[in-house]
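In what follows, a structure is listed as C-alpha cells, so that the remarks can point back to it.
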Amino acid sequence: MDQYIMKGQVPLSGEVFIAGAKNAALGIVAAAIMADEPVHVDNIPAIGDIQALIAGVKETGASVVEENKHRWMINGSTLHSVTVESGELQKIRGGYYLIGALLGKCHKAEVVMPGGCNLGARPIDQHLKGFRALGAKVEIRNGKVYAECERLVGNHVYFDVSSVGATINVMLAASLAEGKTILDNAAKEPHVVDVANFLNSMGAKIKGAGTDLIRIEGVPKLHGTDYSIIPDQIEAGTFMVAAAATRGDVVVRNVIPKHLESISSKLREIGCEVVEGEEEVRVVGTNTIQATNIKTLPYPGFPTDMQPQIAATLALATGTSIISETVFDARFRYVNELNRMGACISVERDNAIIVGPQRLTGATVNASDLRAGAALVIAGLCAEGYTTVCDIEHIERGYEDFLEKLQSLGAVIERVAENDTRAKTKFRMRVS
Ligand code: EPU
C-alpha cells in the first residue's frame with residue numbers, strides 16, 4: 001500500500017486545473033450503454049472509481065475504447081449481458097447506475113450491491129421504489145439487485161429524501177420507459193443536471209433537471225452523441241479550501257463558479273479573499289482564519305462532500321465553529337485522526353464542535369474515506385513537521401492526480417510505499 005508523506009506549513013500558490021465531475025461521470029458512463037451507437041464522452045476524470053465502473057460496463061459486453069486519458073468511446077450495440085458482478089464494482093457507489101441503465105435498455109438487470117465510502121447507512125430504497133413505480137419487480141438476493149419487467153411504464157415517483165443516486169438512477173430507466181415520468185423531490189445537484197443534459201444529447205426528453213420536479217417523456221431508443229462532462233465541484237472546492245487552510249494564493253481553473261457559491265461564501269466568511277472569474281476562482285488565504293458555523297445540505301447548500309476539508313481548516317480558526325451534518329449519519333470518522341494532529345474537535349450527534357485556533361503537528365493518520373483523506377492531507381499541509389496519510393487508495397478513487405496537482409502548487413508531498421523506510425528517510429533528508 002502506498003502512503004502520502006508531506007512536510008507542512010508551505011502556503012500553496014499557483015494555478016490548478018480541475019478535472020471532470022466524478023459524480024456526473026459515473027452516471028454518464030453507465031448511461032452511455034443505453035445507446036446502440038458510439039457515444040463519445042470527454043472530460044472523464046482519470047480516477048479509480050471510473051476504472052471500476054468501466055470494468056462493470058465491459059462485463060455487459062458494451063465496447064469500450066479509451067480514446068485518450070479523458071475521452072472514452074462506449075458502444076452499447078454489442079451489449080449481451082445484464083449481469084454485472086465485478087469485484088471492482090462492489091467497491092464503488094456509482095456502479096448502481098448500471099441497474100437503471102440496463103433496466104431501461106434491456107428490461108432486466110442483475111447488478112452487485114454498491115459499496116463506496118462508509119458514511120453510515122446508505123440505503124438504496126428510493127432507487128428501488130422508483131424502479132418498482134415504473135413496473136419492475138425488484139429484489140435483493142445474494143448481494144445483488146435483481147430488477148426485471150415486461151414493460152417499463154412512466155409514473156409519478158415521489159422521493160422521500162433528496163437523493164442524487166436515486167434521482168439519476170430512476171431518470172436513466174425512465175428515459176426509455178413508455179410515457180411520462182415525473183420525479184418529485186428530485187435532487188438538484190449540478191451532476192444531476194449534467195446527466196440529464198447528456199441523456200438529452202442522446203435523444204432523451206428530460207425537462208426540469210436542476211429543480212425538484214423532473215419531467216421525462218420516455219423515448220423508444222437513444223442515439224450516439226459526443227459530450228463533455230462539467231468540472232468537478234468538489235475537487236475545485238477541495239483546492240479552494242486547501243488554499244485557505246495553508247494561507248496560500250491559488251487560482252482554481254476550469255470551474256463553474258456558480259456551482260462553488262456556497263463554498264466561496266464560507267471562505268469569505270472566515271476571512272479569505274475569493275475572486276470569481278468566468279471559468280476560474282482565485283482564493284487568497286488570510287493569516288487569521290475566523291470561526292464559523294456550517295450546515296451541510298443538498299445543493300445549493302454547503303455540500304456534505306466538503307465537510308471534512310472545511311473542518312480541517314476550521315481547526316486553525318480563531319473561535320469555536322460548529323458543523324452540522326444533515327446528509328449522512330456517520331461522516332465524522334476523520335475527527336479522531338485530526339485530533340491526533342492537535343485539532344480540538346468533539347462530536348455530539350450530528351454536530352462537530354471545533355475549538356480553535358490549534359497548532360497542528362504532523363502524525364501518521366488513516367484516511368477512512370475519500371473526503372476524509374483529502375481533509376487529512378490539507379491538515380498535513382498546514383501542520384508543523386511531517387505527516388503520513390495511509391489508505392490513500394480512498395483518495396485516488398476520487399481525485400485525479402491529487403499528489404501531482406498539490407506538488408505543482410508547491411506542496412512538499414510524495415507518494416511512498418508503506419514499507420519503504422529508505423524512501424521516507426530520503427524524503428525527510430531532501431526537504432529538511
Ligand atoms: N438515501 C436514502 N435512500 C436512498 C438513497 C439515499 O435514505 O435510496 C439517503 C442517504 O442515506 C443520505 C441521503 O439520502 O442520507 C442522500 O444520499 P444520496 O442518495 O444523495 O447520496 P448517494 O447518491 O449515495 C452521492 C454521491 C456522494 C455524495 C452524495 C450527496 C455519487 C456516486 N456519490 O451519493 O459522493 O456525498 O450523493 O451529495 O454520486 C463523494 O463523492 O465523496 C460522495 C460520497
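Each chain of the C-alpha cells is named A, B, ... in the order shown, its residues numbered from 1; ligands are numbered from 1 in display order.
Excluding Ala62 in chain A and any residue on its chain fewer than 3 positions from it, the residues at most 8 Å away by only C-alpha atoms are Ile33, Val57, Lys58, Glu59, Ile74, Asn75, Gly76, Ser77, Thr78, Leu79 and His80 of chain A.
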Near-ligand residues for ligand 1, threshold 6 Å, only C-alpha atoms and all ligand atoms, as a list of chain:residue names: A:Asn23, A:Arg93, A:Gly94, A:Ala121, A:Arg122, A:Pro123, A:Ile124, A:Asp125, A:Gln126, A:His127, A:Val161, A:Ser162, A:Ser163, A:Val164, A:Gly165, A:Ala166, A:Thr304, A:Asp305, A:Val327, A:Phe328, A:Leu370, A:Arg371
Next, the residues of the selection above should be written as a compact mmCIF listing (two decimals), in the first residue's frame with C-alpha atoms.
# COMPACT_ATOMS: atom_id res chain seq x y z
CA ASN A 23 -20.32 12.01 -9.69
CA ARG A 93 -21.13 3.61 -5.13
CA GLY A 94 -21.83 4.62 -8.71
CA ALA A 121 -26.23 3.69 6.47
CA ARG A 122 -26.58 4.30 2.74
CA PRO A 123 -29.84 2.61 1.80
CA ILE A 124 -30.98 2.34 -1.82
CA ASP A 125 -34.68 2.02 -1.02
CA GLN A 126 -35.55 5.15 -3.03
CA HIS A 127 -33.85 3.74 -6.15
CA VAL A 161 -35.42 12.08 0.63
CA SER A 162 -33.49 14.22 -1.82
CA SER A 163 -31.15 11.58 -3.26
CA VAL A 164 -28.61 12.19 -6.01
CA GLY A 165 -28.25 8.46 -6.69
CA ALA A 166 -31.98 7.66 -6.78
CA THR A 304 -21.50 17.23 2.62
CA ASP A 305 -18.58 16.22 0.38
CA VAL A 327 -26.98 14.36 4.91
CA PHE A 328 -25.08 11.31 6.21
CA LEU A 370 -12.31 9.83 0.09
CA ARG A 371 -13.10 13.27 1.50
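Residue neighbourhood of range 101-108 of chain A, excluding near-sequence residues (fewer than 2 positions): A:Ala31, A:Met34, A:Leu98, A:Ile99, A:Ala147, A:Glu148, A:Cys149, A:Leu172, A:Ala173, A:Leu176, at 6 Å, using only C-alpha atoms.
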Excluding same-chain residues fewer than 2 positions from range 399-414 of chain A, what lies within 6 Å of it counting only C-alpha atoms, as a compact mmCIF listing (two decimals) with N, CA and C atoms, in the first residue's frame?
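The resulting file, selection18.txt, is reproduced below:
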# COMPACT_ATOMS: atom_id res chain seq x y z
N TYR A 4 0.90 8.88 1.49
CA TYR A 4 1.43 10.21 1.19
C TYR A 4 2.22 10.65 2.41
N ILE A 5 3.43 11.16 2.14
CA ILE A 5 4.22 11.73 3.22
C ILE A 5 4.42 13.19 2.85
N MET A 6 4.26 14.08 3.82
CA MET A 6 4.36 15.52 3.49
C MET A 6 4.98 16.30 4.63
N LYS A 7 5.54 17.43 4.25
CA LYS A 7 6.05 18.38 5.25
C LYS A 7 5.18 19.61 5.16
N LEU A 12 0.16 27.11 -0.32
CA LEU A 12 0.00 26.68 -1.72
C LEU A 12 -0.09 27.93 -2.58
N SER A 13 0.56 27.89 -3.74
CA SER A 13 0.39 29.03 -4.64
C SER A 13 0.57 28.60 -6.08
N GLY A 14 -0.16 29.30 -6.96
CA GLY A 14 -0.10 28.98 -8.39
C GLY A 14 -1.50 28.69 -8.91
N ALA A 46 -9.68 10.78 -14.69
CA ALA A 46 -8.89 9.55 -14.64
C ALA A 46 -8.70 9.16 -13.17
N ILE A 47 -9.69 8.46 -12.64
CA ILE A 47 -9.70 8.12 -11.20
C ILE A 47 -10.11 6.66 -11.02
N GLU A 396 -7.42 8.36 -4.10
CA GLU A 396 -7.19 8.24 -5.55
C GLU A 396 -8.38 7.64 -6.29
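Contact shell of Pro300 in chain A at 12 Å (only C-alpha atoms; same-chain neighbours under 4 positions omitted): Ala187, Lys188, Glu189, Pro190, Gly210, Thr211, Asp212, Gln233, Lys258, His259, Leu260, Glu261, Ser262, Ile263, Ser265, Lys295, Thr296 and Thr304 of chain A.
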Keeping all heavy atoms, export the residues of the selection given above as a short mmCIF file (atom, residue, chain, number, x, y, z; two decimals), in the first residue's frame.
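In the end it all went to again_23.cif:
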data_model
loop_
_atom_site.label_atom_id
_atom_site.label_comp_id
_atom_site.auth_asym_id
_atom_site.auth_seq_id
_atom_site.Cartn_x
_atom_site.Cartn_y
_atom_site.Cartn_z
N ALA A 187 -33.27 15.38 -6.61
CA ALA A 187 -32.05 16.09 -6.22
C ALA A 187 -31.72 17.13 -7.30
O ALA A 187 -32.02 16.93 -8.48
CB ALA A 187 -30.90 15.11 -6.07
N LYS A 188 -31.09 18.24 -6.87
CA LYS A 188 -30.85 19.37 -7.78
C LYS A 188 -29.37 19.60 -8.06
O LYS A 188 -28.98 20.62 -8.62
CB LYS A 188 -31.44 20.64 -7.14
CG LYS A 188 -32.95 20.56 -6.97
CD LYS A 188 -33.52 21.82 -6.37
CE LYS A 188 -33.34 21.82 -4.86
NZ LYS A 188 -34.16 22.79 -4.16
N GLU A 189 -28.53 18.67 -7.64
CA GLU A 189 -27.07 18.85 -7.77
C GLU A 189 -26.68 19.06 -9.24
O GLU A 189 -27.32 18.52 -10.16
CB GLU A 189 -26.35 17.60 -7.24
CG GLU A 189 -25.99 17.64 -5.75
CD GLU A 189 -27.19 17.63 -4.81
OE1 GLU A 189 -28.35 17.47 -5.26
OE2 GLU A 189 -26.98 17.80 -3.60
N PRO A 190 -25.58 19.81 -9.46
CA PRO A 190 -25.12 20.05 -10.84
C PRO A 190 -24.89 18.76 -11.62
O PRO A 190 -25.09 18.72 -12.84
CB PRO A 190 -23.79 20.79 -10.64
CG PRO A 190 -23.88 21.41 -9.30
CD PRO A 190 -24.77 20.53 -8.47
N GLY A 210 -32.39 20.08 -12.23
CA GLY A 210 -31.87 21.27 -11.53
C GLY A 210 -32.96 21.88 -10.65
O GLY A 210 -32.68 22.74 -9.82
N THR A 211 -34.20 21.43 -10.86
CA THR A 211 -35.29 21.79 -9.94
C THR A 211 -35.71 20.49 -9.24
O THR A 211 -35.21 19.41 -9.57
CB THR A 211 -36.52 22.36 -10.67
OG1 THR A 211 -37.22 21.27 -11.32
CG2 THR A 211 -36.12 23.38 -11.74
N ASP A 212 -36.65 20.60 -8.29
CA ASP A 212 -37.02 19.35 -7.61
C ASP A 212 -38.14 18.59 -8.33
O ASP A 212 -38.64 17.59 -7.82
CB ASP A 212 -37.36 19.60 -6.13
CG ASP A 212 -38.48 20.61 -5.97
OD1 ASP A 212 -39.12 20.95 -6.98
OD2 ASP A 212 -38.69 21.07 -4.83
N GLN A 233 -17.14 19.94 -8.95
CA GLN A 233 -17.41 20.93 -7.92
C GLN A 233 -16.58 20.64 -6.65
O GLN A 233 -16.04 21.55 -6.01
CB GLN A 233 -18.91 20.86 -7.59
CG GLN A 233 -19.41 21.71 -6.47
CD GLN A 233 -20.72 21.16 -5.87
OE1 GLN A 233 -21.03 19.97 -5.97
NE2 GLN A 233 -21.50 22.05 -5.29
N LYS A 258 -20.53 29.36 -10.33
CA LYS A 258 -21.88 29.28 -9.76
C LYS A 258 -22.02 28.03 -8.86
O LYS A 258 -22.67 28.06 -7.82
CB LYS A 258 -22.88 29.24 -10.93
CG LYS A 258 -24.30 28.94 -10.56
CD LYS A 258 -25.05 30.20 -10.19
CE LYS A 258 -26.41 29.85 -9.61
NZ LYS A 258 -26.80 30.62 -8.47
N HIS A 259 -21.40 26.92 -9.29
CA HIS A 259 -21.51 25.68 -8.52
C HIS A 259 -20.74 25.74 -7.20
O HIS A 259 -20.91 24.88 -6.34
CB HIS A 259 -20.96 24.49 -9.33
CG HIS A 259 -21.77 24.19 -10.55
ND1 HIS A 259 -21.34 23.36 -11.55
CD2 HIS A 259 -23.01 24.61 -10.93
CE1 HIS A 259 -22.25 23.28 -12.49
NE2 HIS A 259 -23.28 24.04 -12.14
N LEU A 260 -19.88 26.79 -7.08
CA LEU A 260 -18.99 26.85 -5.92
C LEU A 260 -19.43 27.91 -4.92
O LEU A 260 -18.73 28.18 -3.95
CB LEU A 260 -17.56 27.15 -6.41
CG LEU A 260 -17.02 26.11 -7.40
CD1 LEU A 260 -15.73 26.60 -8.05
CD2 LEU A 260 -16.79 24.77 -6.70
N GLU A 261 -20.62 28.52 -5.17
CA GLU A 261 -21.01 29.68 -4.38
C GLU A 261 -21.07 29.43 -2.88
O GLU A 261 -20.64 30.24 -2.08
CB GLU A 261 -22.35 30.24 -4.88
CG GLU A 261 -22.12 31.25 -5.98
CD GLU A 261 -23.39 31.71 -6.65
OE1 GLU A 261 -24.50 31.27 -6.25
OE2 GLU A 261 -23.27 32.51 -7.59
N SER A 262 -21.61 28.25 -2.49
CA SER A 262 -21.73 28.00 -1.04
C SER A 262 -20.34 27.89 -0.40
O SER A 262 -20.15 28.28 0.75
CB SER A 262 -22.53 26.72 -0.79
OG SER A 262 -21.84 25.61 -1.35
N ILE A 263 -19.38 27.39 -1.17
CA ILE A 263 -18.01 27.24 -0.64
C ILE A 263 -17.32 28.61 -0.63
O ILE A 263 -16.73 29.01 0.38
CB ILE A 263 -17.22 26.23 -1.51
CG1 ILE A 263 -17.96 24.88 -1.52
CG2 ILE A 263 -15.79 26.06 -0.99
CD1 ILE A 263 -17.55 23.95 -2.66
N SER A 265 -18.67 31.47 -0.41
CA SER A 265 -19.25 32.38 0.59
C SER A 265 -18.75 32.02 2.00
O SER A 265 -18.47 32.90 2.81
CB SER A 265 -20.77 32.42 0.46
OG SER A 265 -21.37 31.78 1.51
N LYS A 295 -23.78 24.20 7.99
CA LYS A 295 -24.72 23.08 7.97
C LYS A 295 -24.64 22.47 6.58
O LYS A 295 -24.77 23.21 5.58
CB LYS A 295 -26.12 23.64 8.22
CG LYS A 295 -27.16 22.60 8.48
CD LYS A 295 -28.52 23.24 8.61
CE LYS A 295 -29.14 22.89 9.92
NZ LYS A 295 -30.50 23.37 10.09
N THR A 296 -24.40 21.17 6.48
CA THR A 296 -24.37 20.56 5.14
C THR A 296 -25.81 20.34 4.67
O THR A 296 -26.68 19.96 5.46
CB THR A 296 -23.63 19.21 5.16
OG1 THR A 296 -24.37 18.29 5.96
CG2 THR A 296 -22.23 19.34 5.70
N THR A 304 -22.05 18.18 1.63
CA THR A 304 -21.50 17.23 2.62
C THR A 304 -20.13 16.75 2.18
O THR A 304 -19.27 16.46 3.02
CB THR A 304 -22.46 16.03 2.83
OG1 THR A 304 -21.81 15.07 3.66
CG2 THR A 304 -22.85 15.35 1.53
#
Residues near Asn336 in chain A, cut-off 9 Å, only C-alpha atoms, skip fewer than 4 positions along chain, as a ChimeraX atom specification: /A:332,340-341,343,345-346
Residues near Val347 in chain A, cut-off 10 Å, only C-alpha atoms, skip fewer than 6 positions along chain, as a ChimeraX atom specification: /A:322-324,332-333,335-336,353-354
DSSP alpha helix (DSSP H) selection over range 45-142 of chain A, as JSON, numbers by chain: {"A": [48, 49, 50, 51, 52, 53, 54, 55, 56, 57, 58, 59, 87, 88, 89, 90, 97, 98, 99, 100, 101, 102, 103, 104, 105, 106, 125, 126, 127, 128, 129, 130, 131, 132, 133]}
Among the residues of range 168-358 of chain A, find those DSSP assigns to strand (DSSP E or B) from the backbone and print them as a compact mmCIF listing (two decimals) with N, CA, C and O atoms, in the first residue's frame.
# COMPACT_ATOMS: atom_id res chain seq x y z
N GLU A 178 -42.15 3.71 -21.36
CA GLU A 178 -43.28 4.19 -22.17
C GLU A 178 -43.97 5.31 -21.42
O GLU A 178 -44.28 5.16 -20.23
N LYS A 180 -44.99 9.13 -19.70
CA LYS A 180 -44.38 10.20 -18.90
C LYS A 180 -44.02 9.75 -17.49
O LYS A 180 -44.80 9.07 -16.84
N THR A 181 -42.87 10.23 -17.03
CA THR A 181 -42.49 10.02 -15.62
C THR A 181 -42.28 11.39 -15.00
O THR A 181 -41.73 12.29 -15.63
N ILE A 182 -42.73 11.52 -13.76
CA ILE A 182 -42.43 12.74 -13.00
C ILE A 182 -41.61 12.32 -11.78
O ILE A 182 -42.02 11.43 -11.03
N LEU A 183 -40.45 12.93 -11.61
CA LEU A 183 -39.65 12.69 -10.41
C LEU A 183 -39.85 13.89 -9.49
O LEU A 183 -39.45 15.00 -9.82
N ASP A 184 -40.46 13.63 -8.37
CA ASP A 184 -40.84 14.68 -7.43
C ASP A 184 -39.88 14.64 -6.24
O ASP A 184 -39.51 13.56 -5.79
N LYS A 205 -35.92 12.85 -23.53
CA LYS A 205 -36.72 14.07 -23.38
C LYS A 205 -36.92 14.34 -21.90
O LYS A 205 -37.90 13.87 -21.30
N ILE A 206 -35.98 15.05 -21.32
CA ILE A 206 -35.99 15.32 -19.88
C ILE A 206 -36.04 16.83 -19.68
O ILE A 206 -35.24 17.57 -20.24
N LYS A 207 -37.01 17.27 -18.87
CA LYS A 207 -37.12 18.71 -18.58
C LYS A 207 -37.11 18.90 -17.06
O LYS A 207 -37.61 18.05 -16.32
N ALA A 209 -34.48 19.31 -14.93
CA ALA A 209 -33.35 18.90 -14.09
C ALA A 209 -32.70 20.14 -13.50
O ALA A 209 -32.53 21.16 -14.20
N THR A 211 -34.20 21.43 -10.86
CA THR A 211 -35.29 21.79 -9.94
C THR A 211 -35.71 20.49 -9.24
O THR A 211 -35.21 19.41 -9.57
N LEU A 213 -38.51 19.07 -9.54
CA LEU A 213 -39.53 18.34 -10.32
C LEU A 213 -38.98 18.08 -11.72
O LEU A 213 -38.84 19.00 -12.51
N ILE A 214 -38.68 16.83 -11.99
CA ILE A 214 -38.12 16.48 -13.30
C ILE A 214 -39.19 15.72 -14.10
O ILE A 214 -39.79 14.77 -13.58
N ARG A 215 -39.42 16.19 -15.32
CA ARG A 215 -40.43 15.54 -16.18
C ARG A 215 -39.72 14.82 -17.32
O ARG A 215 -38.89 15.42 -18.01
N ILE A 216 -40.07 13.57 -17.49
CA ILE A 216 -39.40 12.76 -18.52
C ILE A 216 -40.45 12.15 -19.44
O ILE A 216 -41.39 11.49 -18.97
N GLU A 217 -40.28 12.39 -20.72
CA GLU A 217 -41.15 11.76 -21.71
C GLU A 217 -40.32 10.62 -22.29
O GLU A 217 -39.29 10.85 -22.92
N LEU A 222 -32.24 5.50 -27.75
CA LEU A 222 -31.31 6.62 -27.64
C LEU A 222 -30.24 6.48 -28.71
O LEU A 222 -29.90 5.36 -29.10
N THR A 225 -23.73 10.17 -29.33
CA THR A 225 -23.51 11.59 -29.04
C THR A 225 -22.03 11.84 -28.80
O THR A 225 -21.24 10.89 -28.72
N ASP A 226 -21.69 13.09 -28.65
CA ASP A 226 -20.33 13.49 -28.27
C ASP A 226 -20.52 14.55 -27.19
O ASP A 226 -21.09 15.60 -27.46
N TYR A 227 -20.10 14.26 -25.99
CA TYR A 227 -20.47 15.09 -24.84
C TYR A 227 -19.27 15.33 -23.94
O TYR A 227 -18.42 14.46 -23.78
N SER A 228 -19.22 16.52 -23.33
CA SER A 228 -18.12 16.82 -22.41
C SER A 228 -18.69 17.09 -21.01
O SER A 228 -19.62 17.88 -20.84
N PRO A 231 -17.01 20.42 -14.94
CA PRO A 231 -15.92 20.31 -13.96
C PRO A 231 -16.41 19.84 -12.59
O PRO A 231 -17.58 20.03 -12.25
N ASP A 249 -2.38 31.20 -2.07
CA ASP A 249 -2.98 32.06 -3.09
C ASP A 249 -3.07 31.19 -4.35
O ASP A 249 -2.07 30.98 -5.04
N VAL A 250 -4.26 30.67 -4.62
CA VAL A 250 -4.40 29.68 -5.69
C VAL A 250 -5.52 30.08 -6.64
O VAL A 250 -6.61 30.47 -6.21
N VAL A 251 -5.22 29.97 -7.94
CA VAL A 251 -6.27 30.16 -8.96
C VAL A 251 -6.73 28.76 -9.38
O VAL A 251 -5.94 27.95 -9.85
N VAL A 252 -8.01 28.50 -9.15
CA VAL A 252 -8.58 27.19 -9.47
C VAL A 252 -9.27 27.33 -10.82
O VAL A 252 -10.28 28.04 -10.94
N ARG A 253 -8.70 26.71 -11.85
CA ARG A 253 -9.19 26.92 -13.22
C ARG A 253 -10.09 25.78 -13.70
O ARG A 253 -10.06 24.68 -13.16
N GLU A 273 -10.03 35.98 0.73
CA GLU A 273 -10.49 36.74 -0.44
C GLU A 273 -10.82 35.70 -1.51
O GLU A 273 -10.01 34.80 -1.78
N VAL A 274 -12.01 35.82 -2.11
CA VAL A 274 -12.37 34.90 -3.19
C VAL A 274 -12.79 35.75 -4.39
O VAL A 274 -13.72 36.55 -4.30
N VAL A 275 -12.07 35.59 -5.49
CA VAL A 275 -12.37 36.39 -6.68
C VAL A 275 -12.84 35.44 -7.77
O VAL A 275 -12.12 34.51 -8.15
N GLU A 276 -14.06 35.68 -8.25
CA GLU A 276 -14.62 34.79 -9.27
C GLU A 276 -14.39 35.35 -10.66
O GLU A 276 -14.68 36.51 -10.93
N GLU A 280 -12.87 30.55 -13.58
CA GLU A 280 -11.87 30.29 -12.54
C GLU A 280 -12.25 31.02 -11.27
O GLU A 280 -13.05 31.95 -11.30
N VAL A 281 -11.67 30.56 -10.17
CA VAL A 281 -11.87 31.20 -8.88
C VAL A 281 -10.51 31.33 -8.22
O VAL A 281 -9.75 30.36 -8.19
N ARG A 282 -10.20 32.53 -7.73
CA ARG A 282 -8.92 32.70 -7.02
C ARG A 282 -9.21 32.80 -5.52
O ARG A 282 -10.09 33.56 -5.11
N VAL A 283 -8.48 32.05 -4.74
CA VAL A 283 -8.65 32.11 -3.29
C VAL A 283 -7.33 32.59 -2.68
O VAL A 283 -6.28 32.01 -2.91
N VAL A 284 -7.43 33.69 -1.92
CA VAL A 284 -6.26 34.22 -1.22
C VAL A 284 -6.53 34.04 0.27
O VAL A 284 -7.53 34.57 0.80
N GLN A 290 -11.15 33.00 10.67
CA GLN A 290 -12.19 33.17 11.69
C GLN A 290 -13.10 31.95 11.75
O GLN A 290 -13.37 31.32 10.73
N ASN A 293 -20.04 28.81 11.48
CA ASN A 293 -20.90 27.62 11.60
C ASN A 293 -21.33 27.19 10.20
O ASN A 293 -21.55 28.02 9.32
N ILE A 294 -21.45 25.88 10.04
CA ILE A 294 -21.79 25.34 8.71
C ILE A 294 -22.79 24.20 8.88
O ILE A 294 -22.66 23.37 9.78
N LYS A 295 -23.78 24.20 7.99
CA LYS A 295 -24.72 23.08 7.97
C LYS A 295 -24.64 22.47 6.58
O LYS A 295 -24.77 23.21 5.58
N THR A 296 -24.40 21.17 6.48
CA THR A 296 -24.37 20.56 5.14
C THR A 296 -25.81 20.34 4.67
O THR A 296 -26.68 19.96 5.46
N PHE A 302 -24.40 23.94 1.43
CA PHE A 302 -22.98 23.58 1.55
C PHE A 302 -22.86 22.05 1.42
O PHE A 302 -23.49 21.30 2.16
N THR A 318 -9.76 31.09 14.61
CA THR A 318 -9.91 31.70 15.92
C THR A 318 -11.38 31.62 16.34
O THR A 318 -12.24 32.15 15.64
N GLY A 319 -11.64 30.95 17.45
CA GLY A 319 -13.02 30.83 17.94
C GLY A 319 -13.57 29.42 17.78
O GLY A 319 -12.87 28.51 17.34
N THR A 320 -14.83 29.27 18.14
CA THR A 320 -15.46 27.95 18.09
C THR A 320 -16.40 27.86 16.89
O THR A 320 -17.25 28.73 16.70
N SER A 321 -16.22 26.82 16.11
CA SER A 321 -17.09 26.59 14.94
C SER A 321 -17.95 25.36 15.19
O SER A 321 -17.50 24.43 15.87
N ILE A 322 -19.13 25.36 14.63
CA ILE A 322 -19.97 24.16 14.71
C ILE A 322 -20.34 23.73 13.30
O ILE A 322 -20.84 24.54 12.50
N ILE A 323 -20.07 22.47 13.00
CA ILE A 323 -20.50 21.92 11.71
C ILE A 323 -21.62 20.93 11.97
O ILE A 323 -21.46 19.99 12.75
N SER A 324 -22.76 21.15 11.32
CA SER A 324 -23.88 20.21 11.45
C SER A 324 -23.98 19.40 10.17
O SER A 324 -24.11 19.98 9.08
N ILE A 345 -11.61 18.79 18.41
CA ILE A 345 -12.95 18.64 17.84
C ILE A 345 -13.70 17.58 18.64
O ILE A 345 -13.18 16.49 18.87
N SER A 346 -14.90 17.92 19.08
CA SER A 346 -15.73 16.89 19.73
C SER A 346 -17.00 16.74 18.89
O SER A 346 -17.46 17.68 18.23
N VAL A 347 -17.51 15.53 18.91
CA VAL A 347 -18.71 15.24 18.10
C VAL A 347 -19.87 14.94 19.03
O VAL A 347 -19.77 14.11 19.93
N GLU A 348 -20.95 15.68 18.84
CA GLU A 348 -22.18 15.39 19.59
C GLU A 348 -23.28 15.18 18.57
O GLU A 348 -23.68 16.10 17.87
N ASN A 351 -23.34 16.97 15.19
CA ASN A 351 -22.57 18.21 15.22
C ASN A 351 -21.12 17.98 15.60
O ASN A 351 -20.85 17.21 16.54
N ALA A 352 -20.23 18.65 14.91
CA ALA A 352 -18.82 18.66 15.32
C ALA A 352 -18.54 20.05 15.88
O ALA A 352 -18.83 21.06 15.22
N ILE A 353 -18.01 20.07 17.10
CA ILE A 353 -17.69 21.36 17.73
C ILE A 353 -16.17 21.51 17.67
O ILE A 353 -15.43 20.68 18.19
N ILE A 354 -15.76 22.55 16.98
CA ILE A 354 -14.32 22.72 16.67
C ILE A 354 -13.81 23.94 17.41
O ILE A 354 -14.25 25.06 17.14
N VAL A 355 -12.90 23.70 18.34
CA VAL A 355 -12.36 24.82 19.12
C VAL A 355 -10.98 25.17 18.56
O VAL A 355 -10.11 24.31 18.43
N GLY A 356 -10.82 26.44 18.21
CA GLY A 356 -9.55 26.86 17.64
C GLY A 356 -9.12 28.20 18.18
O GLY A 356 -9.85 28.80 18.98
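When only C-alpha atoms are used to measure the gap to Lys221 in chain A, the shortest distance among A:Asp2, A:Glu37, A:Lys144, A:Asn339 belongs to A:Glu37.
Considering only C-alpha atoms, the residue among A:Thr246, A:Ser432, A:Thr288, A:Ser86 positioned nearest to Cys382 in chain A is A:Thr246.
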Selected residue, from A:Gly56, A:Gly218, A:Pro38, A:Gly271, that lies nearest to Ser81 in chain A when counting only C-alpha atoms: A:Gly56
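Distance-wise, CA of Ile378 in chain A and CA of Ala244 in chain A end up 9.8 Å apart.
Considering the residues A:Gln90, A:Thr167, A:Thr364, A:Thr292 and counting only C-alpha atoms, Asn185 in chain A has its shortest atom-to-atom contact with A:Thr167.
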Nearest to Met171 in chain A, chosen from A:Phe239, A:Phe427, A:Phe131, A:Phe17, with only C-alpha atoms counted in the distances: A:Phe131
